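J.: The structure's right below; bear with me while I get my questions together.
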Amino acid sequence: MQLGIDIGGTFTDFVFVDDEARTVRTLKVMSTPESPARAVLDGIRHLQRVEHADVVHGSTVATNALLERKGARTAFVTTRGFGDLLTIARQTRGDIYDLFAARPEPIVPPSACFEVTERVDHLGQVLTPLDESDLPNLIERMRSERVESVAVCLLFSFLHAAHEERVADALQGAGFVVSRSSEILPEHREYERASTTVINAYVAPVLERYLAELELHHLGRSFRVMQSNGGSIRSEEARRHAVRTILSGPAGGVVGAVHVARTSGFTQAITFDMGGTSTDVSLSRGRPEVTSEAHVGGLPIRVPVIDIHTIGAGGGSIAYVDAGGALRVGPESAGADPGPACYGRGGSAPTVTDANVVLGRLPPDRFLGGEMQLDATAAHSTLRALAKQAGIGPHSGLDEAQVAALGVVQIANAHMERAVRVISVARGHDPIDFVFVSFGGAGGLHACDLARGLGMKCVLVPSGASTLSAYGMLVADVVKDYVQTIMASGETPREELAMHLDALVEQGRQEVLADGIPAEAVSIERELDIRYSGQAYELTVPFGDGYIDAFHAAHKSRYGHADVDAPVEIVNVRVRAVGSTPTPPMPRTAPADRDVSCARLGLRRVVVDGAEAMAEVYDGDELLPGHRIVGPAIIAQSDTTIFLSEGDVAHIDEFRGVQIEVANQ
Amino acid sequence: MSHDPARIEVFKHLFASVAEEMGVVLRRTAYSPNIKERRDFSCALFDARGGMIAQAAHIPVHLGAMPMSVRACIEALDFSPGDVAILNDPFRGGTHLPDVTLVAPIFLDGGVLLGFAANRAHHADVGGMSPGSMPMSRELYQEGIVIPPAKLFEAGRRNEGLWSLILANVRTPVERAGDLRAQIAANHQGVRRLTALVARYGLDDVTLYMQSLIEYAERMTRRLIADLPDGVYCFRDHLDDDGVDPAHIEIAVAVTIDGDEATVDFTGSSAQRSGNVNAVYPITASATYYVFRALLGLDVPSNSGCHVPITVIAPEGTVVNARFPAAVAGGNVETSQRITDVLLGALAQACPDKIPAASQGTMNNVTIGGWNPARSQPYAYYETVGGGAGAGPDRDGVSGVHSHMTNTMNTPIEALEYAYPLLVRRYDLRRGSGGEGRHRGGDGIRRELEMLHDAHVTLLTDRRTTTPYGLDGGQPGRSGRNLLIRDGREVTLAGKASLDTKRGDVLVVETPGGGGYGRPGEDPE
């Protein structure tokens with residue numbers, strides 16, 4: 001039995017798979033941001049028999065502590081001469097045209113940055129031994145600063161950890177929680193390593209308190225926590241490596257979407273999660289692409305995370321006319337409250353959602369499965385006002401509100417198309433080879449047009465999209481990533497590299513086994529980060545036969561050229577230990593025994609291709625496998641509304657996902 | 001034909017995305033770290049007359065200079081389909097020799113010229129008297145190979161004579177060839193994508209919105225200028241010296257705001273010098289556009305429309321519009337910063353709430369070369385060091401950061417010490433170097449490099465004898481200092497210097513602090 005729990009900003013979602021009763025149950029309760037554990041315990045009370053379940057949990061506790069600067073009081077210790085490492089960062093400013101460009105608020109104030117006398121060189125040799133007489137004074141000053149947690153990051157500690165270990169021991173002995181860079185991220189580049197370690201120190205005590213509270217209630221048989229890399233880890237492990245959970249929320253959604261796509265027969269997917277205020281896109285080739293170059297709140301985090309690109313455009317994005325007379329959309333959003341004008345909660349600004357109402361694509365009586373009636377009149381009048389401001393008049397049979405609404409939707413699409421290009425074209429992938437998986441509430445109205453603009457052939461809107469993130473936690477494997485900088489020549493004997501790798505492999509295997517994974521379910525991936533000598537960025541290739549050739553080939557495919565005669569350097573060794581967990585089956589539905597007409601709700605006037613047309617509206621919750629729908633049409637589901645243009649053809653698959661063949665432009 | 005206010009925004013995204021994708025191709029396919037990691041390049045799209053439509057710029061100093069490169073090509077060459085032009089001549093469309101620009105015309109079927117794709121990248125070496133091509137030069141010829149606008153490709157065929165001539169004149173021909181190929185590929189991507197836009201939206205719409213976007217940016221710029229009070233605002237400041245003659249070098253400006261137009265007149269600036277601090281006109285124009293662009297706020301497309309309401313007057317033969325064959329290597333990196341400082345100083349009188357006090361006003365260029373015994377090969381290490389940013393009316397200046405005309409990253413210590421026989425002894429802030437004020441200027445940096453072997457050091461730095469000004473009663477930031485510690489004795493070095501160092505010597509670079517804002521002791525509410 002398995003239980004996935006995802007805490008979101010508005011709802012906390014549960015997906016409970018009961019193998020004995022052969023049921024999959026989902027539950028949504030309101031989140032309780034002031035004390036997130038309450039919503040979890042609320043939900044657990046509603047579900048029964050969960051005490052025997054393996055629980056996987058994703059939470060935004062660590063993320064919010066970082067973004068809202070509500071982490072532990074943290075100090076930073078580094079090598080003498082480099083105490084301003086966190087302030088200087090990489091010497092750059094965020095926006096070249098901002099004359100007052102400020103740095104992100106530091107999470108360690110300068111008064112809590114300390115230096116110790118010691119120095120190790122790039123070969124791991126000690127140039128200056130650690131002066132331990134610095135330590136008592138350091139501890140005294142930390143106490144007077146009321147420090148709770150300490151990050152220790154000394155130069156070249158990934159080659160020689162003894163100095164860091166001695167400092168950490170002394171601080172732990174004095175009662176501080178300590179994060180050591182040689183344990184958190186033994187990888188070169190001091191600023192990024194320090195930043196990652198400091199963030200860990202900052203959020204770990206907060207996550208610790210939260211998880212301890214949950215565990216008091218013995219939620220299930222085992223308790224794991226989702227990581228940003230798309231895998232889960234034991235909760236004790238998560239407490240030590242809290243920084244690995246920072247981006248776990250969106251990671252669950254991507255893992256769920258990719259799993260659903262694969263089950264429906266698509267291995268290459270671009271996921272598209274359009275919500276009220278923002279849109280997340282990511283790319284997956286068999287499994288989600290992972291990056292070690294993420295930033296959160298302006299600070300780098302070097303641990304592997306699913307590569308998700310976020311833009312500030314969603315259903316609630318507000319349209320306005322700027323000083324130059326151009327129509328603009330976002331990044332300002334009406335949010336959920338007051339929300340778009342059509343919500344009738346006092347919002348009056350025109351949003352993307354209002355534009356979809358005006359275009360007839362969002363039937364006002366079918367929103368959220370009919371639970372909420374939208375105010376079409378309010379949507380029309382706010383779009384009319386926008387049209388007037390922009391100097392937009394009626395055009396080829398459409399009134400001015402419709403023309404403006406069409407503009408708003410085109411602009412939102414142009415913005416989102418640019419985001420998809422960033423994660424596909426800009427990374428060397430042609431969108432044509434991918435299925436477009438849309439699972440956000442606002443996405444169904446835009447997915448087909450976007451896919452068309454990007455030259456993509458197929459859109460998939462999975463069923464149960466609103467709890468996909470919690471479902472993703474259930475299908476996530478136990479995954480542990482390890483890295484060690486070795487900075488070796490390309491001519492280093494294979495056996496020597498294997499030795500470096502073996503140390504990490506052993507550690508990984510033990511830790512995955514400790515998670516209760518049977519030995520036969522553990523798999524190990526060995527990788528090397530290689531670069532041409534003198535370059536500063538590495539490519540990761542598998543440690544198999546001919547890894548140097550594999551590097552040249554990867555360089556050629558990624559960068560368009562390779563130089564097989566040039567010397568290379570092996571910068572890091574990487575190990576990924578994976579414990580595969582049993583994947584809950586996706587519930588199948590028997591093929592339709594009745595005609596699609598039973599789901600028909602009637603005809604509606606919509607704007608399509610710049611003109612009005614009649615579109616059939618279907619109740620998505622009544623559609624069954626085998627049903628086929630030809631656009632223009634609207635499929636109103638309880639968690640999203642799908643709009644099909646002329647020529648788009650939708651099929652319902654056996655998992656009740658909606659697969660759409662997109663008409664060519 | 002009238003434009004549609006929604007389509008303006010849609011095409012803004014489309015054109016911007018083409019320029020960005022050109023940048024991605026350039027970064028992906030380039031050989032040199034300077035392009036791949038420090039991102040010292042820009043890509044842009046132009047209409048058939050050379051008007052800039054969209055630009056993906058990482059480096060402000062490229063801002064106004066790109067259109068002048070394209071215009072120089074249009075004037076000098078007669079384009080046919082499949083051509084690619086190249087240039088770096090500072091006196092014919094370039095800025096300084098390491099910045100090499102490639103321009104490709106975009107022809108549609110039937111021979112209609114739609115526009116141009118162009119990109120500019122900083123090459124790590126273009127020959128000349130010292131590795132890195134940023135020498136202490138006295139004339140252009142010492143700085144490297146000079147390439148006037150010329151066709152590198154004609155009707156799709158490479159001009160092998162020109163290609164091999166260029167590569168024969170640089171120190172690292174393999175890397176240069178790789179970077180040039182990357183620049184060609186980037187333009188090709190621009191040509192391909194713009195042609196695809198015509199297929200998707202039609203020629204009429206694409207050309208209509210090219211013009212609409214230029215007019216849109218012009219309207220936005222005019223509105224900004226109209227919001228500034230009319231008047232003439234004057235300011236002057238100095239560069240320390242040109243590395244040859246110790247006299248200060250004056251940059252003077254008079255900014256006239258008249259309705260929705262601005263005239264920026266540099267008359268009164270010093271005559272051009274024999275050292276390498278001379279700026280060519282495109283640099284002066286770029287610095288001017290940068291300042292107005294920064295005042296304009298975010299999210300306005302960088303295109304030629306922004307330049308229309310602004311007239312830049314820079315008398316020929318001065319340090320802000322040098323005459324051939326002046327040495328110009330430092331004009332791009334140092335003089336451009338001071339031009340920015342004087343413009344901001346002038347505009348602070350017009351809109352004090354929008355302008356910060358002076359930032360460090362230099363890039364602190366440090367080049368170290370020598371023999372690397374660990375790798376048995378020569379090395380050339382180049383870095384720029386951040387400093388203090390000027391304080392603003394409601395906040396302190398940022399410490400240890402690059403400002404205005406540059407924004408390149410530092411090299412991590414743990415990467416630097418692997419690559420070069422150097423040991424970083426210290427890299428922290430110079431406390432108290434920011435100017436006092438109601439809000440303090442940002443602090444500069446103190447960076448100490450120990451030579452592990454004999455080496456040659458070139459310093460191209462400024463604000464060593466002058467100081468970054470404060471505003472509204474704020475104190476100036478402290479000047480920078482360059483020192484050499486040998487056998488325990490400290491020797492002060494000049495701001496612009498070239499010297500041999502011995503094993504064990506320590507080079508200390510202390511960068512300037514930013515100016516303060518408001519009288520010290522006032523309550524910073």
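Chains: A, B, ... in order of the structure tokens. Residues: from 1 per chain. Ligands: from 1, in order shown.
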Using only C-alpha atoms, find which residues of chain B lie within 6 Å of chain A and jot them down as a PyMOL selection string.
T.: chain B and resi 5-6+10+24+28-29+33+216+219-220+294+386+400-402+407+409-410+412+414+418+426-428
J.: Could you give me, as a ChimeraX atom specification, the residues within 8 Å of segment 325-336 of chain B, counting only C-alpha atoms and dropping anything in the same chain fewer than 6 positions from it?
T.: /B:61,90,95-97,133-135,137-143,239,272-280,283-284,287,361-363,405,460-462
J.: Take the residues that were just selected and, keeping N, CA and C atoms, output them as a compact mmCIF listing (two decimals), in the first residue's frame.
T.:
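The resulting result08.txt:
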```txt
# COMPACT_ATOMS: atom_id res chain seq x y z
N VAL B 61 28.10 47.44 -23.94
CA VAL B 61 28.93 48.22 -24.84
C VAL B 61 28.68 47.83 -26.31
N PRO B 90 37.94 49.32 -35.99
CA PRO B 90 37.24 50.28 -35.12
C PRO B 90 36.84 51.56 -35.87
N THR B 95 34.67 48.41 -32.77
CA THR B 95 34.91 49.13 -31.52
C THR B 95 36.36 49.00 -31.06
N HIS B 96 36.80 47.76 -30.80
CA HIS B 96 38.22 47.50 -30.66
C HIS B 96 38.47 46.15 -31.33
N LEU B 97 39.72 45.84 -31.66
CA LEU B 97 39.97 44.74 -32.58
C LEU B 97 39.47 43.37 -32.10
N SER B 133 45.70 40.50 -26.93
CA SER B 133 45.39 41.66 -27.78
C SER B 133 44.76 42.83 -27.01
N MET B 134 45.20 43.03 -25.77
CA MET B 134 44.80 44.23 -25.01
C MET B 134 46.09 44.91 -24.55
N PRO B 135 46.99 45.28 -25.48
CA PRO B 135 48.34 45.71 -25.10
C PRO B 135 48.39 47.18 -24.68
N SER B 137 49.40 49.80 -26.07
CA SER B 137 49.75 50.18 -27.44
C SER B 137 49.77 51.70 -27.62
N ARG B 138 50.41 52.15 -28.73
CA ARG B 138 50.45 53.57 -29.08
C ARG B 138 49.74 53.83 -30.40
N GLU B 139 49.46 52.76 -31.15
CA GLU B 139 48.71 52.93 -32.40
C GLU B 139 47.99 51.64 -32.71
N LEU B 140 46.97 51.75 -33.55
CA LEU B 140 46.09 50.61 -33.85
C LEU B 140 46.86 49.39 -34.31
N TYR B 141 47.89 49.60 -35.13
CA TYR B 141 48.58 48.47 -35.76
C TYR B 141 49.23 47.53 -34.74
N GLN B 142 49.49 48.05 -33.54
CA GLN B 142 50.09 47.20 -32.51
C GLN B 142 49.07 46.29 -31.83
N GLU B 143 47.79 46.54 -32.12
CA GLU B 143 46.74 45.85 -31.37
C GLU B 143 46.26 44.57 -32.03
N LEU B 239 39.51 60.51 -16.61
CA LEU B 239 40.28 59.27 -16.53
C LEU B 239 41.62 59.65 -15.91
N GLN B 272 42.43 63.32 -28.43
CA GLN B 272 42.84 61.92 -28.35
C GLN B 272 44.28 61.80 -27.89
N ARG B 273 44.62 60.64 -27.26
CA ARG B 273 45.91 60.46 -26.63
C ARG B 273 46.75 59.44 -27.36
N SER B 274 48.03 59.41 -26.98
CA SER B 274 48.89 58.43 -27.64
C SER B 274 48.76 57.04 -27.00
N GLY B 275 48.29 56.97 -25.75
CA GLY B 275 48.02 55.66 -25.13
C GLY B 275 46.73 55.06 -25.69
N ASN B 276 46.33 53.89 -25.11
CA ASN B 276 45.24 53.14 -25.77
C ASN B 276 43.84 53.44 -25.24
N VAL B 277 43.64 54.56 -24.53
CA VAL B 277 42.33 54.82 -23.92
C VAL B 277 41.36 55.53 -24.86
N ASN B 278 41.72 55.66 -26.13
CA ASN B 278 40.82 56.36 -27.05
C ASN B 278 39.59 55.52 -27.38
N ALA B 279 38.44 56.18 -27.38
CA ALA B 279 37.20 55.49 -27.76
C ALA B 279 36.80 55.94 -29.15
N VAL B 280 36.28 55.01 -29.95
CA VAL B 280 35.71 55.40 -31.23
C VAL B 280 34.24 55.78 -31.01
N ILE B 283 31.46 53.47 -29.45
CA ILE B 283 31.52 53.22 -28.01
C ILE B 283 30.82 54.34 -27.26
N THR B 284 31.08 55.56 -27.67
CA THR B 284 30.44 56.71 -27.03
C THR B 284 28.92 56.62 -27.21
N ALA B 287 27.50 53.81 -24.90
CA ALA B 287 27.40 54.21 -23.50
C ALA B 287 26.19 55.12 -23.31
N GLY B 361 33.84 52.58 -11.85
CA GLY B 361 34.30 53.30 -13.03
C GLY B 361 35.50 52.71 -13.73
N THR B 362 35.76 51.43 -13.54
CA THR B 362 36.86 50.75 -14.21
C THR B 362 36.53 49.27 -14.24
N MET B 363 37.18 48.54 -15.14
CA MET B 363 36.98 47.08 -15.14
C MET B 363 38.17 46.36 -14.49
N MET B 405 29.22 49.02 -17.96
CA MET B 405 29.48 48.47 -19.29
C MET B 405 29.94 47.01 -19.32
N LEU B 460 45.53 47.21 -16.78
CA LEU B 460 44.83 48.30 -17.46
C LEU B 460 43.68 48.67 -16.52
N THR B 461 43.98 49.61 -15.61
CA THR B 461 42.99 49.96 -14.57
C THR B 461 42.88 51.46 -14.48
N ASP B 462 41.79 51.93 -13.89
CA ASP B 462 41.61 53.38 -13.74
C ASP B 462 41.05 53.68 -12.35
```
J.: As a PyMOL selection string, please: the residues near Gly111 of chain B (cut-off 12 Å, only C-alpha atoms, same-chain neighbours under 2 positions excluded).
T.: chain B and resi 79-82+105-109+113-115
J.: Might you pull out every residue within 10 Å of Ile74 of chain B, with only C-alpha atoms counted and same-chain residues fewer than 2 positions away left off, and present them as an NGL selection string?
T.: :B and (48-50 or 68-72 or 76-79 or 85 or 103 or 105 or 116 or 149)
J.: Residues within 8 Å of Ile517 of chain A, please, as a count of residues only. Count only C-alpha atoms; anything in the same chain fewer than 4 positions from it doesn't count.
T.: 7
J.: Could you name the residues that touch segment 8-23 of chain A at 10 Å or less, counting only C-alpha atoms, but leaving out those on the same chain fewer than 2 positions away, as a VMD selection string?
T.: chain A and resid 1 to 6 25 to 33 36 39 to 40 42 to 44 47 to 50 52 to 55 57 to 60 249 to 250 336 466 to 474 584 to 585 587
J.: So which residues of segment 429-512 of chain A fall under strand (DSSP E) by DSSP, listed as a compact mmCIF listing (two decimals) with N, CA and C atoms, in the first residue's frame?
T.:
```txt
# COMPACT_ATOMS: atom_id res chain seq x y z
N VAL A 435 5.86 14.61 -27.33
CA VAL A 435 4.44 14.79 -27.07
C VAL A 435 4.33 15.94 -26.05
N PHE A 436 3.27 16.71 -26.16
CA PHE A 436 3.08 17.87 -25.29
C PHE A 436 2.09 17.48 -24.20
N VAL A 437 2.58 17.30 -22.97
CA VAL A 437 1.72 16.83 -21.88
C VAL A 437 1.26 18.02 -21.04
N SER A 438 -0.04 18.28 -21.09
CA SER A 438 -0.57 19.45 -20.39
C SER A 438 -1.31 19.00 -19.15
N CYS A 458 1.31 16.07 -31.34
CA CYS A 458 0.41 15.39 -30.42
C CYS A 458 0.40 16.03 -29.04
N VAL A 459 -0.82 16.16 -28.47
CA VAL A 459 -0.99 16.68 -27.13
C VAL A 459 -1.63 15.59 -26.28
N LEU A 460 -1.18 15.47 -25.03
CA LEU A 460 -1.80 14.52 -24.11
C LEU A 460 -2.24 15.28 -22.86
N VAL A 461 -3.54 15.17 -22.54
CA VAL A 461 -4.03 15.74 -21.28
C VAL A 461 -4.42 14.55 -20.40
N VAL A 478 13.58 5.51 -5.34
CA VAL A 478 14.54 6.03 -4.37
C VAL A 478 15.80 6.37 -5.16
N VAL A 479 16.22 7.63 -5.13
CA VAL A 479 17.36 8.03 -5.94
C VAL A 479 18.36 8.80 -5.08
N LYS A 480 19.63 8.40 -5.16
CA LYS A 480 20.68 9.14 -4.45
C LYS A 480 21.76 9.51 -5.44
N ASP A 481 22.10 10.78 -5.42
CA ASP A 481 23.15 11.28 -6.31
C ASP A 481 24.39 11.59 -5.50
N TYR A 482 25.54 11.18 -6.02
CA TYR A 482 26.81 11.48 -5.36
C TYR A 482 27.77 12.08 -6.37
N VAL A 483 28.60 12.98 -5.92
CA VAL A 483 29.61 13.57 -6.80
C VAL A 483 30.89 13.74 -6.01
N GLN A 484 32.02 13.64 -6.68
CA GLN A 484 33.31 13.91 -6.06
C GLN A 484 34.22 14.51 -7.13
N THR A 485 34.78 15.68 -6.86
CA THR A 485 35.73 16.26 -7.80
C THR A 485 37.07 15.55 -7.66
N ILE A 486 37.64 15.10 -8.81
CA ILE A 486 38.96 14.46 -8.74
C ILE A 486 39.99 15.22 -9.58
N MET A 487 39.52 15.99 -10.58
CA MET A 487 40.38 16.80 -11.44
C MET A 487 41.59 15.99 -11.94
N ALA A 488 41.31 14.94 -12.66
CA ALA A 488 42.37 14.05 -13.13
C ALA A 488 42.58 14.23 -14.62
N SER A 489 43.75 13.85 -15.09
CA SER A 489 44.03 13.93 -16.51
C SER A 489 43.22 12.86 -17.25
```
J.: Any idea what's packed within 8 Å of Leu45 of chain B, counting only C-alpha atoms, ignoring anything in its chain fewer than 6 positions away? Could you give it as an mmCIF file with N, CA, C and O atoms, in the first residue's frame?
T.:
```cif
data_model
loop_
_atom_site.group_PDB
_atom_site.id
_atom_site.type_symbol
_atom_site.label_atom_id
_atom_site.label_comp_id
_atom_site.auth_asym_id
_atom_site.auth_seq_id
_atom_site.Cartn_x
_atom_site.Cartn_y
_atom_site.Cartn_z
ATOM 1 N N PHE B 15 10.635 37.992 -32.539
ATOM 2 C CA PHE B 15 11.958 38.497 -32.954
ATOM 3 C C PHE B 15 12.978 38.302 -31.834
ATOM 4 O O PHE B 15 14.121 37.910 -32.079
ATOM 5 N N ALA B 19 16.651 36.218 -31.890
ATOM 6 C CA ALA B 19 17.956 36.730 -31.449
ATOM 7 C C ALA B 19 18.526 35.855 -30.332
ATOM 8 O O ALA B 19 19.721 35.551 -30.311
ATOM 9 N N MET B 52 17.972 48.248 -36.459
ATOM 10 C CA MET B 52 18.004 47.078 -35.581
ATOM 11 C C MET B 52 16.605 46.782 -35.052
ATOM 12 O O MET B 52 15.906 47.658 -34.557
ATOM 13 N N ILE B 53 16.173 45.506 -35.182
ATOM 14 C CA ILE B 53 14.821 45.090 -34.785
ATOM 15 C C ILE B 53 14.825 44.502 -33.387
ATOM 16 O O ILE B 53 13.937 44.741 -32.583
ATOM 17 N N ALA B 54 15.801 43.658 -33.103
ATOM 18 C CA ALA B 54 15.851 42.968 -31.807
ATOM 19 C C ALA B 54 17.287 42.606 -31.524
ATOM 20 O O ALA B 54 18.067 42.365 -32.443
ATOM 21 N N GLN B 55 17.623 42.573 -30.240
ATOM 22 C CA GLN B 55 18.989 42.268 -29.863
ATOM 23 C C GLN B 55 19.000 41.459 -28.576
ATOM 24 O O GLN B 55 18.264 41.765 -27.642
ATOM 25 N N GLY B 115 16.361 41.542 -44.587
ATOM 26 C CA GLY B 115 17.107 42.179 -43.507
ATOM 27 C C GLY B 115 18.444 41.488 -43.302
ATOM 28 O O GLY B 115 18.975 40.856 -44.228
ATOM 29 N N PHE B 116 18.981 41.607 -42.071
ATOM 30 C CA PHE B 116 20.301 41.034 -41.765
ATOM 31 C C PHE B 116 20.291 40.351 -40.401
ATOM 32 O O PHE B 116 19.596 40.799 -39.490
ATOM 33 N N ALA B 117 21.076 39.301 -40.305
ATOM 34 C CA ALA B 117 21.382 38.715 -38.997
ATOM 35 C C ALA B 117 22.839 39.043 -38.718
ATOM 36 O O ALA B 117 23.683 38.927 -39.613
ATOM 37 N N ALA B 118 23.147 39.493 -37.492
ATOM 38 C CA ALA B 118 24.527 39.859 -37.189
ATOM 39 C C ALA B 118 24.873 39.464 -35.766
ATOM 40 O O ALA B 118 23.999 39.392 -34.904
ATOM 41 N N GLY B 190 19.759 32.634 -37.487
ATOM 42 C CA GLY B 190 18.929 33.827 -37.600
ATOM 43 C C GLY B 190 18.240 33.893 -38.959
ATOM 44 O O GLY B 190 17.047 34.184 -39.058
#
```
J.: Could you state the separation of atom CA of Leu207 of chain A and atom CA of Leu41 of chain A in Å, given to one decimal place?
T.: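 If I compute the distance from atom CA of Leu207 of chain A to atom CA of Leu41 of chain A, I get 16.6 Å.
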J.: Which parts of segment 217-280 of chain A does DSSP call alpha helix (DSSP H) when run on the backbone here, written out as a VMD selection string?
T.: chain A and resid 235 to 240 248 to 263
J.: Just N, CA and C atoms for this one: save the residues we selected as a tab-separated table (two decimals), in the first residue's frame.
T.:
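Result written to selection.tsv:
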```tsv
chain	number	residue	atom	x	y	z
A	235	SER	N	13.47	9.81	5.36
A	235	SER	CA	13.31	11.12	6.00
A	235	SER	C	14.55	11.52	6.81
A	236	GLU	N	15.25	10.53	7.43
A	236	GLU	CA	16.46	10.89	8.19
A	236	GLU	C	17.50	11.51	7.26
A	237	GLU	N	17.55	10.93	6.04
A	237	GLU	CA	18.49	11.40	5.03
A	237	GLU	C	18.12	12.82	4.59
A	238	ALA	N	16.82	13.04	4.42
A	238	ALA	CA	16.32	14.35	3.97
A	238	ALA	C	16.67	15.43	4.99
A	239	ARG	N	16.70	15.04	6.25
A	239	ARG	CA	17.01	16.05	7.27
A	239	ARG	C	18.46	16.49	7.16
A	240	ARG	N	19.34	15.53	6.86
A	240	ARG	CA	20.76	15.90	6.76
A	240	ARG	C	21.03	16.66	5.47
A	248	SER	N	11.15	20.10	-4.67
A	248	SER	CA	10.51	18.80	-4.82
A	248	SER	C	9.06	18.89	-5.29
A	249	GLY	N	8.38	19.98	-5.00
A	249	GLY	CA	6.96	20.11	-5.38
A	249	GLY	C	6.76	19.98	-6.88
A	250	PRO	N	7.33	20.89	-7.68
A	250	PRO	CA	7.17	20.78	-9.13
A	250	PRO	C	7.78	19.49	-9.67
A	251	ALA	N	8.79	18.94	-9.01
A	251	ALA	CA	9.41	17.70	-9.49
A	251	ALA	C	8.39	16.56	-9.50
A	252	GLY	N	7.53	16.51	-8.46
A	252	GLY	CA	6.51	15.46	-8.40
A	252	GLY	C	5.59	15.52	-9.60
A	253	GLY	N	5.18	16.71	-10.00
A	253	GLY	CA	4.30	16.87	-11.15
A	253	GLY	C	4.93	16.37	-12.42
A	254	VAL	N	6.20	16.70	-12.60
A	254	VAL	CA	6.89	16.29	-13.82
A	254	VAL	C	7.05	14.76	-13.86
A	255	VAL	N	7.45	14.18	-12.71
A	255	VAL	CA	7.61	12.72	-12.67
A	255	VAL	C	6.27	12.04	-12.98
A	256	GLY	N	5.18	12.56	-12.40
A	256	GLY	CA	3.86	12.00	-12.67
A	256	GLY	C	3.50	12.12	-14.14
A	257	ALA	N	3.71	13.30	-14.73
A	257	ALA	CA	3.34	13.53	-16.12
A	257	ALA	C	4.15	12.64	-17.06
A	258	VAL	N	5.43	12.50	-16.75
A	258	VAL	CA	6.29	11.69	-17.60
A	258	VAL	C	5.88	10.22	-17.52
A	259	HIS	N	5.52	9.79	-16.31
A	259	HIS	CA	5.08	8.41	-16.14
A	259	HIS	C	3.80	8.13	-16.93
A	260	VAL	N	2.85	9.05	-16.83
A	260	VAL	CA	1.59	8.88	-17.55
A	260	VAL	C	1.84	8.85	-19.06
A	261	ALA	N	2.71	9.74	-19.53
A	261	ALA	CA	3.01	9.79	-20.96
A	261	ALA	C	3.61	8.45	-21.40
A	262	ARG	N	4.53	7.92	-20.59
A	262	ARG	CA	5.19	6.67	-20.96
A	262	ARG	C	4.18	5.53	-20.99
A	263	THR	N	3.29	5.52	-20.01
A	263	THR	CA	2.27	4.47	-19.98
A	263	THR	C	1.37	4.56	-21.21
```
